[in-house]
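Undergrad: Handing over run22.cif, mmCIF, C-alpha atoms.
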```
data_target
loop_
_atom_site.label_atom_id
_atom_site.label_comp_id
_atom_site.auth_asym_id
_atom_site.auth_seq_id
_atom_site.Cartn_x
_atom_site.Cartn_y
_atom_site.Cartn_z
CA MET A 1 51.69 6.87 -9.45
CA LEU A 2 49.66 6.87 -12.67
CA ALA A 3 48.28 10.29 -11.74
CA LEU A 4 51.81 11.71 -11.51
CA LEU A 5 52.72 10.22 -14.90
CA PHE A 6 49.57 11.80 -16.34
CA ALA A 7 50.65 15.11 -14.84
CA VAL A 8 53.91 15.13 -16.82
CA ALA A 9 52.08 14.41 -20.09
CA ALA A 10 49.44 17.04 -19.31
CA GLY A 11 52.12 19.65 -18.68
CA LEU A 12 53.81 19.00 -22.02
CA VAL A 13 50.59 18.87 -24.03
CA GLY A 14 49.25 21.95 -22.27
CA SER A 15 52.37 23.91 -23.14
CA PHE A 16 51.88 23.37 -26.86
CA ALA A 17 48.12 23.92 -26.52
CA LEU A 18 48.83 27.33 -24.98
CA MET A 19 51.19 28.23 -27.81
CA LYS A 20 48.54 27.11 -30.34
CA ARG A 21 46.01 29.32 -28.51
CA MET A 22 43.72 26.36 -27.93
CA LEU A 23 44.29 26.00 -24.19
CA LEU A 24 40.58 26.15 -23.34
CA ALA A 25 40.06 23.28 -25.76
CA GLY A 26 41.31 20.99 -23.00
CA ASP A 27 38.25 21.74 -20.92
CA VAL A 28 35.95 21.34 -23.91
CA ILE A 29 37.43 18.18 -25.44
CA SER A 30 37.24 16.39 -22.08
CA HIS A 31 33.45 16.76 -22.27
CA LEU A 32 33.42 14.63 -25.42
CA ALA A 33 33.91 11.66 -23.12
CA LEU A 34 30.58 12.25 -21.37
CA PRO A 35 28.31 10.58 -23.98
CA GLY A 36 30.68 7.59 -23.93
CA PHE A 37 30.39 7.37 -20.16
CA GLY A 38 26.61 7.44 -20.45
CA LEU A 39 26.48 4.70 -23.10
CA ALA A 40 28.94 2.55 -21.15
CA PHE A 41 26.88 2.81 -17.96
CA LEU A 42 23.71 1.92 -19.89
CA LEU A 43 25.37 -1.04 -21.63
CA LYS A 44 27.20 -2.06 -18.44
CA ILE A 45 30.66 -2.05 -20.01
CA ASN A 46 33.91 -0.41 -18.90
CA PRO A 47 33.20 3.36 -18.71
CA LEU A 48 36.68 4.23 -19.97
CA LEU A 49 36.08 2.15 -23.10
CA GLY A 50 32.94 4.14 -23.87
CA ALA A 51 34.70 7.41 -23.05
CA ALA A 52 37.63 6.55 -25.32
CA THR A 53 35.27 5.80 -28.21
CA THR A 54 33.39 9.12 -28.15
CA LEU A 55 36.51 11.08 -27.24
CA PHE A 56 38.46 9.96 -30.29
CA LEU A 57 35.45 9.98 -32.63
CA GLY A 58 34.72 13.51 -31.48
CA THR A 59 38.33 14.52 -32.05
CA LEU A 60 38.25 13.17 -35.61
CA LEU A 61 34.96 15.00 -36.17
CA ILE A 62 36.51 18.27 -34.96
CA TRP A 63 39.47 17.81 -37.30
CA GLN A 64 37.24 17.05 -40.29
CA LEU A 65 34.91 19.98 -39.60
CA GLN A 66 37.88 22.30 -39.25
CA LYS A 67 39.19 21.16 -42.66
CA LYS A 68 35.82 21.33 -44.42
CA THR A 69 34.50 24.58 -42.97
CA GLY A 70 37.72 26.52 -42.50
CA LEU A 71 36.57 27.61 -39.05
CA ALA A 72 39.11 28.10 -36.27
CA THR A 73 39.69 25.05 -34.07
CA GLU A 74 38.12 26.68 -31.01
CA ASN A 75 34.91 27.46 -32.93
CA VAL A 76 34.52 23.89 -34.18
CA ILE A 77 35.31 22.50 -30.74
CA GLY A 78 32.63 24.74 -29.22
CA VAL A 79 29.93 23.35 -31.52
CA VAL A 80 30.86 19.72 -30.87
CA PHE A 81 31.18 20.42 -27.14
CA ALA A 82 27.63 21.73 -26.85
CA ALA A 83 26.22 18.65 -28.56
CA ALA A 84 28.35 16.24 -26.51
CA LEU A 85 27.44 17.86 -23.20
CA GLY A 86 23.73 17.78 -23.97
CA ILE A 87 23.74 14.16 -25.13
CA GLY A 88 25.98 13.02 -22.29
CA ALA A 89 23.91 14.67 -19.57
CA ALA A 90 20.73 13.22 -21.06
CA ILE A 91 21.83 9.58 -21.27
CA THR A 92 24.14 9.24 -18.25
CA PRO A 93 22.27 7.68 -15.28
CA SER A 94 21.85 10.25 -12.53
CA ASP A 95 23.54 7.98 -9.98
CA GLU A 96 26.68 7.85 -12.12
CA LEU A 97 26.68 11.44 -13.40
CA ILE A 98 28.69 12.95 -10.53
CA GLU A 99 31.41 10.31 -10.87
CA ALA A 100 31.53 10.81 -14.64
CA LEU A 101 31.85 14.58 -14.25
CA PHE A 102 34.25 14.82 -11.30
CA GLY A 103 36.06 11.46 -11.18
CA LYS A 104 36.65 9.16 -8.27
CA ASN A 105 39.68 7.79 -6.47
CA HIS A 106 39.46 4.21 -7.78
CA ALA A 107 42.17 1.65 -7.09
CA THR A 108 44.04 1.05 -10.34
CA THR A 109 44.54 -2.53 -11.48
CA LEU A 110 47.96 -3.67 -12.67
CA LEU A 111 46.65 -3.85 -16.24
CA GLY A 112 45.11 -0.39 -15.94
CA PHE A 113 48.37 1.02 -14.61
CA LEU A 114 50.45 -0.58 -17.36
CA LEU A 115 48.10 0.66 -20.10
CA GLY A 116 48.06 4.15 -18.60
CA ALA A 117 51.86 4.23 -18.23
CA LEU A 118 52.25 3.02 -21.82
CA ALA A 119 49.90 5.76 -23.02
CA VAL A 120 51.87 8.42 -21.12
CA ALA A 121 55.18 7.14 -22.51
CA PHE A 122 53.70 7.27 -26.01
CA ILE A 123 52.43 10.84 -25.50
CA ILE A 124 55.80 12.10 -24.25
CA ALA A 125 57.73 10.34 -27.03
CA ALA A 126 55.33 11.61 -29.71
CA ILE A 127 55.45 15.20 -28.45
CA TRP A 128 59.25 15.04 -28.40
CA LYS A 129 59.36 13.69 -31.95
CA LEU A 130 56.85 16.25 -33.26
CA ARG A 131 58.17 19.24 -31.31
CA ASP A 132 59.99 20.92 -34.22
CA LYS A 133 57.07 20.47 -36.60
CA LEU A 134 54.64 21.71 -33.98
CA VAL A 135 56.70 24.84 -33.39
CA LEU A 136 57.04 25.48 -37.11
CA THR A 137 53.29 25.12 -37.72
CA LEU A 138 52.66 27.46 -34.80
CA PHE A 139 54.66 30.35 -36.14
CA SER A 140 54.31 29.89 -39.90
CA PRO A 141 52.01 27.24 -41.40
CA GLU A 142 52.97 28.46 -44.88
CA LEU A 143 56.67 27.97 -44.20
CA ALA A 144 55.94 24.57 -42.68
CA MET A 145 54.11 23.48 -45.84
CA ALA A 146 56.90 24.87 -48.01
CA THR A 147 59.43 22.72 -46.16
CA GLY A 148 57.34 19.58 -46.66
CA VAL A 149 55.52 19.47 -43.33
CA LYS A 150 51.98 18.10 -43.67
CA VAL A 151 50.26 20.67 -41.46
CA ASP A 152 46.87 18.93 -41.41
CA ARG A 153 48.48 15.67 -40.34
CA VAL A 154 50.50 17.38 -37.61
CA ASN A 155 47.33 19.09 -36.32
CA LEU A 156 45.49 15.76 -36.26
CA CYS A 157 48.34 14.05 -34.41
CA PHE A 158 48.34 16.81 -31.80
CA LEU A 159 44.57 16.64 -31.34
CA LEU A 160 44.77 12.85 -30.87
CA LEU A 161 47.61 13.20 -28.35
CA PHE A 162 45.54 15.87 -26.62
CA SER A 163 42.58 13.49 -26.38
CA LEU A 164 44.74 10.56 -25.24
CA THR A 165 46.14 12.71 -22.43
CA ILE A 166 42.63 13.57 -21.28
CA LEU A 167 41.61 9.91 -21.47
CA VAL A 168 44.40 8.92 -19.08
CA GLY A 169 43.20 11.53 -16.57
CA LEU A 170 39.48 10.74 -16.76
CA ARG A 171 39.60 8.04 -14.08
CA PHE A 172 40.48 10.40 -11.26
CA MET A 173 39.70 13.84 -12.74
CA GLY A 174 36.35 13.18 -14.45
CA ALA A 175 35.04 14.61 -17.72
CA LEU A 176 34.46 18.06 -16.23
CA LEU A 177 37.93 18.56 -14.73
CA ALA A 178 40.37 16.47 -16.82
CA GLY A 179 41.10 19.41 -19.09
CA SER A 180 41.92 21.64 -16.13
CA LEU A 181 45.28 19.95 -15.64
CA ILE A 182 46.14 20.93 -19.20
CA ILE A 183 45.01 24.54 -18.72
CA LEU A 184 46.38 25.59 -15.33
CA PRO A 185 49.95 24.19 -15.31
CA ALA A 186 50.59 25.61 -18.78
CA ALA A 187 49.40 29.02 -17.59
CA ILE A 188 51.72 28.70 -14.58
CA GLY A 189 54.69 27.72 -16.75
CA ARG A 190 54.06 30.63 -19.11
CA ARG A 191 53.94 33.01 -16.18
CA LEU A 192 57.29 31.77 -14.87
CA THR A 193 59.38 31.81 -18.07
CA ASN A 194 59.49 32.85 -21.71
CA LYS A 195 62.13 30.33 -22.79
CA MET A 196 60.53 27.35 -24.48
CA SER A 197 62.61 24.57 -22.91
CA HIS A 198 62.10 26.08 -19.46
CA PHE A 199 58.41 26.57 -20.22
CA LEU A 200 57.91 22.84 -20.95
CA ILE A 201 59.73 21.85 -17.77
CA ALA A 202 57.93 24.43 -15.60
CA SER A 203 54.52 23.30 -16.88
CA SER A 204 55.27 19.64 -16.18
CA VAL A 205 56.64 20.41 -12.71
CA ALA A 206 53.61 22.57 -11.89
CA SER A 207 51.31 19.80 -13.08
CA SER A 208 53.13 17.18 -10.98
CA LEU A 209 53.07 19.40 -7.90
CA SER A 210 49.35 20.01 -8.37
CA VAL A 211 48.62 16.29 -8.60
CA GLY A 212 50.87 15.30 -5.70
CA ALA A 213 49.59 18.00 -3.35
CA GLY A 214 46.01 17.52 -4.56
CA LEU A 215 46.02 13.80 -3.80
CA LEU A 216 47.52 14.57 -0.39
CA LEU A 217 44.75 17.10 0.25
CA ASN A 218 42.17 14.54 -0.82
CA SER A 219 43.57 11.99 1.63
CA VAL A 220 43.11 14.54 4.41
CA VAL A 221 39.69 15.75 3.23
CA PRO A 222 38.20 12.80 1.25
CA LYS A 223 34.90 14.57 0.61
CA PHE A 224 36.63 16.95 -1.83
CA GLY A 225 37.45 14.16 -4.27
CA PRO A 226 40.76 13.86 -6.17
CA GLY A 227 39.76 15.97 -9.19
CA PRO A 228 38.55 19.05 -7.29
CA SER A 229 41.49 18.80 -4.86
CA ILE A 230 44.03 18.77 -7.71
CA VAL A 231 42.36 21.69 -9.48
CA MET A 232 42.21 23.75 -6.28
CA VAL A 233 45.94 23.26 -5.70
CA ALA A 234 46.74 24.14 -9.33
CA ALA A 235 44.60 27.28 -9.09
CA LEU A 236 46.38 28.27 -5.87
CA LEU A 237 49.78 27.81 -7.55
CA PHE A 238 48.64 30.05 -10.40
CA VAL A 239 47.52 32.76 -7.97
CA ILE A 240 50.91 32.58 -6.24
CA CYS A 241 52.62 32.95 -9.62
CA LEU A 242 50.74 36.17 -10.24
CA PHE A 243 52.93 37.81 -7.61
CA LYS A 244 56.07 37.08 -9.64
CA ARG A 245 57.57 40.25 -11.04
CA SER A 246 57.79 40.36 -14.82
#
```
For this file, produce the structure as structure tokens.
TA:
Amino acid sequence: MLALLFAVAAGLVGSFALMKRMLLAGDVISHLALPGFGLAFLLKINPLLGAATTLFLGTLLIWQLQKKTGLATENVIGVVFAAALGIGAAITPSDELIEALFGKNHATTLLGFLLGALAVAFIIAAIWKLRDKLVLTLFSPELAMATGVKVDRVNLCFLLLFSLTILVGLRFMGALLAGSLIILPAAIGRRLTNKMSHFLIASSVASSLSVGAGLLLNSVVPKFGPGPSIVMVAALLFVICLFKRS
């Protein structure tokens, strides 16, 4: 159930990420969790707590570097990604590395479900509230600033929502694949429609279908794992969409 809720949030966030031309950032930002996983395993604390710490610290670092250097978001993300991947791979125990990278189908506790559901509700509500400002900053940052929109603050809020979405999906998608459910459904939605409202809905539906069918596939072939199963289904849906006539 939590995976399906995550799918809706991932579809919405991915739609705006595609419009901001930072779709591949989903794959990169998810790797920021890897050093946190490694530290958590070494310190024997909850892996998601460690992942959340490095994920959000890394996001703030990306935002600050972007402001200070003036580099495009994807360039800054690439630099931080390389460092995070190297550190994470070095300190994560080899026995735990596969689980950290690809996720695992753990049973979710009631507290874990409630926290995850609360996070998803917050993401959806925040995206809805920020939607007009996000669209305005997409098409004309200068006009947005002229109308009183704090562009830097809006960008930070989106990056944090982006990271929170990935955090919710880490449990079953892993650090390597969590960003994939932001990338693929958004690409599917964009292929299906040009109208923004339809685009948001199509991306969320594609994400939910990918998760539902992926978990079903994983129940039939457990050796695939939930993360790879979900990504394979999403990739198949995208290939099918390629046959749609423009």
Undergrad: Using only C-alpha atoms, can you list as a list in words the residues within 10 Å of (43.0, 20.4, -7.7)?
TA: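 Nearby residues: Met173, Leu177, Ser180, Leu181, Leu184, Ser207, Ser210, Val211, Gly212, Ala213, Gly214, Leu215, Leu217, Asn218, Phe224, Gly225, Pro226, Gly227, Pro228, Ser229, Ile230, Val231, Met232, Val233, Ala234, Ala235 and Leu236 of chain A.
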Undergrad: List the residues selected by the PyMOL selection byres ((chain A and resi 52) around 10) in the file shown, writing them as a list in words.
TA: Leu32, Ala33, Leu34, Gly36, Phe37, Pro47, Leu48, Leu49, Gly50, Ala51, Thr53, Thr54, Leu55, Phe56, Leu57, Gly58, Ser163, Leu164, Ile166, Leu167, Val168 and Leu170 of chain A
Undergrad: Write out as a count of residues only each polymer residue whose atoms come within 12 Å of stretch 135-146 of chain A, counting only C-alpha atoms; drop sequence neighbours fewer than 2 positions from it.
TA: 25
Undergrad: Give the answer as one residue: which of A:Ser197, A:Thr59, A:Thr165, A:Thr108 has the shortest atom-to-atom distance to A:Phe6, using all atoms listed in the file?
TA: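 Of A:Ser197, A:Thr59, A:Thr165, A:Thr108, the one nearest A:Phe6 is A:Thr165, counting all atoms listed in the file.
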Undergrad: Using atom CA of A:Leu2 and atom CA of A:Ala117 as the two end points, give the distance in Å to one decimal.
TA: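 Atom CA of A:Ala117 lies at a distance of 6.5 Å from atom CA of A:Leu2.
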Undergrad: Would you compute the distance between atom CA of A:Ala89 and atom CA of A:Gly11? Give it in Å to one decimal.
TA: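 Atom CA of A:Gly11 lies at a distance of 28.7 Å from atom CA of A:Ala89.
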Undergrad: Any idea what's packed within 6 Å of A:Ser203, counting all atoms listed in the file, ignoring anything in its chain fewer than 6 positions away? Could you give it as a PDB file with C-alpha atoms, in the coordinates of the input?
TA:
```
ATOM      1  CA  GLY A  11      52.120  19.650 -18.680  1.00  0.00           C
ATOM      2  CA  PRO A 185      49.950  24.190 -15.310  1.00  0.00           C
ATOM      3  CA  ALA A 186      50.590  25.610 -18.780  1.00  0.00           C
ATOM      4  CA  GLY A 189      54.690  27.720 -16.750  1.00  0.00           C
TER       5      GLY A 189
END
```
Undergrad: Hey, can you check how far atom CA of A:Lys44 sits from atom CA of A:Met1?
TA: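 Atom-to-atom, atom CA of A:Lys44 to atom CA of A:Met1, that is 27.6 Å.
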Undergrad: Just checking: using only C-alpha atoms, which residue out of A:Val120, A:Ile87, A:Leu61, A:Cys241 ends up closest to A:Leu4?
TA: A:Val120
Undergrad: Using only C-alpha atoms, pick whichever of A:Gly169, A:Ala119, A:Leu159, A:Ile182 has the shortest atom-to-atom distance to A:Ile62.
TA: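 Nearest candidate to A:Ile62 out of A:Gly169, A:Ala119, A:Leu159, A:Ile182: A:Leu159.
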